[in-house]
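S.K.: File follows, data-v9.pdb with PDB, C-alpha atoms, pLDDT in the B column:
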```pdb
ATOM      1  CA  MET A 219       0.000   0.000   0.000  1.00 65.00           C
ATOM      2  CA  THR A 220       1.362   3.392  -1.008  1.00 73.00           C
ATOM      3  CA  VAL A 221       0.630   6.495   0.997  1.00 73.00           C
ATOM      4  CA  SER A 222       0.574   9.944  -0.556  1.00 71.00           C
ATOM      5  CA  PRO A 223       2.357  12.701   1.310  1.00 72.00           C
ATOM      6  CA  ARG A 224       0.205  15.075   3.295  1.00 72.00           C
ATOM      7  CA  ARG A 225      -0.818  18.244   1.517  1.00 68.00           C
ATOM      8  CA  ASN A 226       0.116  21.281   3.638  1.00 70.00           C
ATOM      9  CA  ARG A 227      -1.067  23.948   1.228  1.00 68.00           C
ATOM     10  CA  PRO A 228      -4.683  25.019   1.069  1.00 65.00           C
ATOM     11  CA  ARG A 229      -6.381  23.874  -2.097  1.00 63.00           C
ATOM     12  CA  ARG A 230      -7.109  26.492  -4.689  1.00 61.00           C
ATOM     13  CA  ASP A 231     -10.464  26.632  -6.293  1.00 57.00           C
ATOM     14  CA  GLU A 232      -9.712  25.304  -9.775  1.00 53.00           C
ATOM     15  CA  ASN A 233     -12.965  26.786 -11.023  1.00 48.00           C
ATOM     16  CA  ALA A 234     -12.137  30.342  -9.996  1.00 51.00           C
ATOM     17  CA  ASN A 235     -12.323  32.469 -13.120  1.00 55.00           C
ATOM     18  CA  LEU A 236     -10.250  35.622 -13.300  1.00 54.00           C
ATOM     19  CA  ASP A 237     -11.486  38.382 -15.523  1.00 58.00           C
ATOM     20  CA  ALA A 238      -8.544  38.803 -17.922  1.00 56.00           C
ATOM     21  CA  ASP A 239      -9.276  42.488 -18.586  1.00 55.00           C
ATOM     22  CA  ARG A 240      -9.334  43.358 -14.891  1.00 54.00           C
ATOM     23  CA  VAL A 241      -6.083  41.492 -14.313  1.00 52.00           C
ATOM     24  CA  ARG A 242      -4.411  43.235 -17.242  1.00 51.00           C
ATOM     25  CA  GLN A 243      -5.848  46.736 -16.775  1.00 54.00           C
ATOM     26  CA  GLY A 244      -6.205  46.948 -13.017  1.00 59.00           C
ATOM     27  CA  VAL A 245      -9.217  48.088 -11.047  1.00 65.00           C
ATOM     28  CA  ALA A 246     -10.280  51.714 -11.250  1.00 71.00           C
ATOM     29  CA  SER A 247     -10.877  53.686  -8.065  1.00 82.00           C
ATOM     30  CA  VAL A 248     -12.248  57.174  -7.499  1.00 88.00           C
ATOM     31  CA  GLN A 249      -9.923  59.686  -5.837  1.00 88.00           C
ATOM     32  CA  GLN A 250     -11.026  63.061  -4.497  1.00 86.00           C
ATOM     33  CA  TRP A 251      -8.663  65.994  -5.147  1.00 83.00           C
ATOM     34  CA  THR A 252      -9.107  69.746  -4.889  1.00 83.00           C
ATOM     35  CA  ASP A 253      -9.765  69.890  -8.639  1.00 81.00           C
ATOM     36  CA  GLY A 254     -12.503  67.263  -8.487  1.00 84.00           C
ATOM     37  CA  ALA A 255     -13.054  63.523  -8.491  1.00 89.00           C
ATOM     38  CA  TRP A 256     -10.868  61.347 -10.709  1.00 90.00           C
ATOM     39  CA  GLN A 257     -11.100  57.747 -11.823  1.00 92.00           C
ATOM     40  CA  VAL A 258      -7.611  56.296 -11.387  1.00 93.00           C
ATOM     41  CA  ARG A 259      -6.384  52.937 -12.658  1.00 93.00           C
ATOM     42  CA  GLY A 260      -2.919  51.519 -12.102  1.00 93.00           C
ATOM     43  CA  ILE A 261      -1.178  50.045 -15.142  1.00 93.00           C
ATOM     44  CA  GLY A 262       1.363  47.341 -14.411  1.00 92.00           C
ATOM     45  CA  ALA A 263       4.698  47.163 -16.187  1.00 91.00           C
ATOM     46  CA  GLY A 264       3.650  44.086 -18.151  1.00 90.00           C
ATOM     47  CA  ALA A 265       0.513  45.776 -19.470  1.00 90.00           C
ATOM     48  CA  SER A 266       2.304  48.961 -20.533  1.00 87.00           C
ATOM     49  CA  VAL A 267       3.043  48.525 -24.241  1.00 91.00           C
ATOM     50  CA  LYS A 268       2.965  52.083 -25.661  1.00 92.00           C
ATOM     51  CA  THR A 269       4.897  55.287 -25.050  1.00 95.00           C
ATOM     52  CA  TYR A 270       2.924  58.066 -23.333  1.00 95.00           C
ATOM     53  CA  ARG A 271       3.780  61.598 -22.218  1.00 95.00           C
ATOM     54  CA  CYS A 272       3.243  62.366 -18.528  1.00 93.00           C
ATOM     55  CA  PRO A 273       1.453  65.721 -18.088  1.00 91.00           C
ATOM     56  CA  GLY A 274       3.086  66.187 -14.678  1.00 89.00           C
ATOM     57  CA  CYS A 275       6.724  66.214 -15.777  1.00 91.00           C
ATOM     58  CA  ASP A 276       6.392  66.323 -19.589  1.00 90.00           C
ATOM     59  CA  GLN A 277       8.635  63.241 -19.850  1.00 93.00           C
ATOM     60  CA  GLU A 278       7.945  60.004 -21.691  1.00 94.00           C
ATOM     61  CA  ILE A 279       6.496  56.961 -19.979  1.00 95.00           C
ATOM     62  CA  ARG A 280       8.209  54.132 -21.838  1.00 95.00           C
ATOM     63  CA  PRO A 281       6.720  50.680 -22.495  1.00 95.00           C
ATOM     64  CA  GLY A 282       7.304  48.349 -19.559  1.00 94.00           C
ATOM     65  CA  VAL A 283       7.085  51.120 -16.933  1.00 95.00           C
ATOM     66  CA  ALA A 284       4.302  50.873 -14.354  1.00 95.00           C
ATOM     67  CA  HIS A 285       2.185  54.043 -14.191  1.00 95.00           C
ATOM     68  CA  LEU A 286      -1.439  55.093 -13.815  1.00 94.00           C
ATOM     69  CA  VAL A 287      -4.236  56.444 -15.949  1.00 94.00           C
ATOM     70  CA  ALA A 288      -6.570  59.164 -14.669  1.00 93.00           C
ATOM     71  CA  TRP A 289      -9.722  60.681 -16.129  1.00 92.00           C
ATOM     72  CA  PRO A 290     -12.512  62.845 -14.699  1.00 90.00           C
ATOM     73  CA  ALA A 291     -15.044  60.850 -12.698  1.00 88.00           C
ATOM     74  CA  ASP A 292     -17.966  63.075 -13.686  1.00 84.00           C
ATOM     75  CA  GLY A 293     -18.799  60.784 -16.600  1.00 77.00           C
ATOM     76  CA  LEU A 294     -19.024  63.666 -19.071  1.00 75.00           C
ATOM     77  CA  GLY A 295     -15.732  62.988 -20.841  1.00 72.00           C
ATOM     78  CA  ASP A 296     -14.644  60.363 -23.303  1.00 78.00           C
ATOM     79  CA  LEU A 297     -11.502  58.347 -24.022  1.00 80.00           C
ATOM     80  CA  THR A 298      -9.575  61.462 -25.069  1.00 84.00           C
ATOM     81  CA  ASP A 299      -9.798  62.772 -21.478  1.00 87.00           C
ATOM     82  CA  ARG A 300      -7.613  59.946 -20.136  1.00 91.00           C
ATOM     83  CA  ARG A 301      -4.075  60.919 -19.154  1.00 93.00           C
ATOM     84  CA  HIS A 302      -1.182  58.595 -18.344  1.00 95.00           C
ATOM     85  CA  TRP A 303       0.858  59.760 -15.332  1.00 95.00           C
ATOM     86  CA  HIS A 304       3.968  58.592 -13.514  1.00 95.00           C
ATOM     87  CA  SER A 305       2.708  57.512 -10.082  1.00 94.00           C
ATOM     88  CA  GLY A 306       4.942  60.036  -8.288  1.00 93.00           C
ATOM     89  CA  CYS A 307       3.883  62.866 -10.593  1.00 93.00           C
ATOM     90  CA  TRP A 308       0.218  62.109  -9.894  1.00 92.00           C
ATOM     91  CA  ARG A 309       0.759  62.210  -6.129  1.00 91.00           C
ATOM     92  CA  ALA A 310       2.797  65.455  -6.352  1.00 90.00           C
ATOM     93  CA  ARG A 311       0.623  67.294  -8.866  1.00 84.00           C
ATOM     94  CA  GLU A 312      -0.932  69.672  -6.340  1.00 83.00           C
ATOM     95  CA  ARG A 313       2.505  70.748  -5.093  1.00 82.00           C
ATOM     96  CA  ARG A 314       3.787  71.612  -8.561  1.00 71.00           C
ATOM     97  CA  GLY A 315       3.044  74.525 -10.829  1.00 62.00           C
ATOM     98  CA  PRO A 316       1.924  73.982 -14.395  1.00 58.00           C
ATOM     99  CA  ALA A 317       4.483  72.182 -16.515  1.00 55.00           C
ATOM    100  CA  VAL A 318       6.346  74.485 -18.861  1.00 58.00           C
ATOM    101  CA  GLN A 319       6.447  72.981 -22.309  1.00 59.00           C
ATOM    102  CA  ARG A 320       9.323  74.287 -24.380  1.00 60.00           C
ATOM    103  CA  GLY A 321       9.934  73.972 -28.066  1.00 63.00           C
ATOM    104  CA  ARG A 322      13.176  72.477 -29.339  1.00 64.00           C
ATOM    105  CA  GLY A 323      14.571  75.859 -30.362  1.00 65.00           C
ATOM    106  CA  SER A 324      13.668  77.771 -27.213  1.00 59.00           C
ATOM    107  CA  PRO A 325      16.286  78.657 -24.588  1.00 60.00           C
ATOM    108  CA  ARG A 326      16.281  76.702 -21.300  1.00 55.00           C
ATOM    109  CA  TYR A 327      16.335  79.483 -18.701  1.00 53.00           C
TER     110      TYR A 327
END
```
Would you give me this structure, written as structure tokens?
M.R.:
Amino acid sequence: MTVSPRRNRPRRDENANLDADRVRQGVASVQQWTDGAWQVRGIGAGASVKTYRCPGCDQEIRPGVAHLVAWPADGLGDLTDRRHWHSGCWRARERRGPAVQRGRGSPRY
């Protein structure tokens, strides 16, 4: 008679279905700021496949970099209102002034 070793790990529910979109895109939450309510969704490094420009620092968010997407929570906007932010830039946005966007030929002073 052969005896199987004791199983010390809890059994996972093999029938548990994960929503692939929610796993890939994250779960949106509503955050209250002085400029209103924002839907915010974290984007993991594996799900980041395009280059975006962060409105907080005016730098690129490269593919493979974890960041977040924010859009107004009022429901009046559309997909063009979404902005991709570095996580630190999003948290510090109330402490910063508006980002100065310079042209290539303009002086840096």
S.K.: So that I can see what lies close to Thr269 in chain A, please list as a PyMOL selection string the residues with an atom at most 7 Å from it, counting all atoms listed in the file and leaving out residues fewer than 5 positions away in the same chain.
M.R.: chain A and resi 278-281
S.K.: Smallest atom-to-atom distance to Trp256 in chain A: which of A:Pro290, A:Arg301, A:Cys272, A:Gly306, using all atoms listed in the file?
M.R.: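 When distances to Trp256 in chain A are compared using all atoms listed in the file, the smallest one comes from A:Pro290.
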S.K.: When the PyMOL selection byres ((chain A and resi 300) around 8) is applied to the file above, which residues end up in the set, as a short mmCIF file (atom, residue, chain, number, x, y, z; two decimals) with C-alpha atoms, keeping the file's coordinate frame?
M.R.:
```
data_model
loop_
_atom_site.label_atom_id
_atom_site.label_comp_id
_atom_site.auth_asym_id
_atom_site.auth_seq_id
_atom_site.Cartn_x
_atom_site.Cartn_y
_atom_site.Cartn_z
CA VAL A 287 -4.24 56.44 -15.95
CA ALA A 288 -6.57 59.16 -14.67
CA TRP A 289 -9.72 60.68 -16.13
CA PRO A 290 -12.51 62.84 -14.70
CA ASP A 296 -14.64 60.36 -23.30
CA LEU A 297 -11.50 58.35 -24.02
CA THR A 298 -9.57 61.46 -25.07
CA ASP A 299 -9.80 62.77 -21.48
CA ARG A 301 -4.08 60.92 -19.15
CA HIS A 302 -1.18 58.60 -18.34
#
```
S.K.: Separation of CA of His304 in chain A and CA of Tyr270 in chain A, in Å?
M.R.: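 So the two atoms, CA of His304 in chain A and CA of Tyr270 in chain A, lie 9.9 Å apart.
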S.K.: Go ahead and compute the interatomic distance for CA of Ala284 in chain A and CA of Thr252 in chain A, in Å to one decimal.
M.R.: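 Calculated distance between CA of Ala284 in chain A and CA of Thr252 in chain A is 25.0 Å.
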S.K.: Using only C-alpha atoms, which residue out of A:Gly262, A:Gly282, A:Gly254, A:Gly274 lies closest to Trp308 in chain A?
M.R.: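 Of the candidates, the smallest distance to Trp308 in chain A is held by A:Gly274.
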S.K.: Give the answer as one residue: which of A:Val283, A:Ala255, A:Cys275, A:Ala291 has the shortest atom-to-atom distance to Cys307 in chain A, using all atoms listed in the file?
M.R.: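 Of all the options, A:Cys275 lies closest to Cys307 in chain A.
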S.K.: Interatomic distance between CA of Asp292 in chain A and CA of Gln257 in chain A?
M.R.: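 So the two atoms, CA of Asp292 in chain A and CA of Gln257 in chain A, lie 8.9 Å apart.
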S.K.: Using only C-alpha atoms, which residue out of A:Asn226, A:Arg313, A:Asp253, A:Leu286 lies closest to Ala265 in chain A?
M.R.: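 Nearest candidate to Ala265 in chain A out of A:Asn226, A:Arg313, A:Asp253, A:Leu286: A:Leu286.
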S.K.: From the list A:Trp251, A:Trp303, A:Ala310, A:Thr220, which residue is nearest Arg271 in chain A when using only C-alpha atoms?
M.R.: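 Checking each of A:Trp251, A:Trp303, A:Ala310, A:Thr220 against Arg271 in chain A, counting only C-alpha atoms, the winner is A:Trp303.
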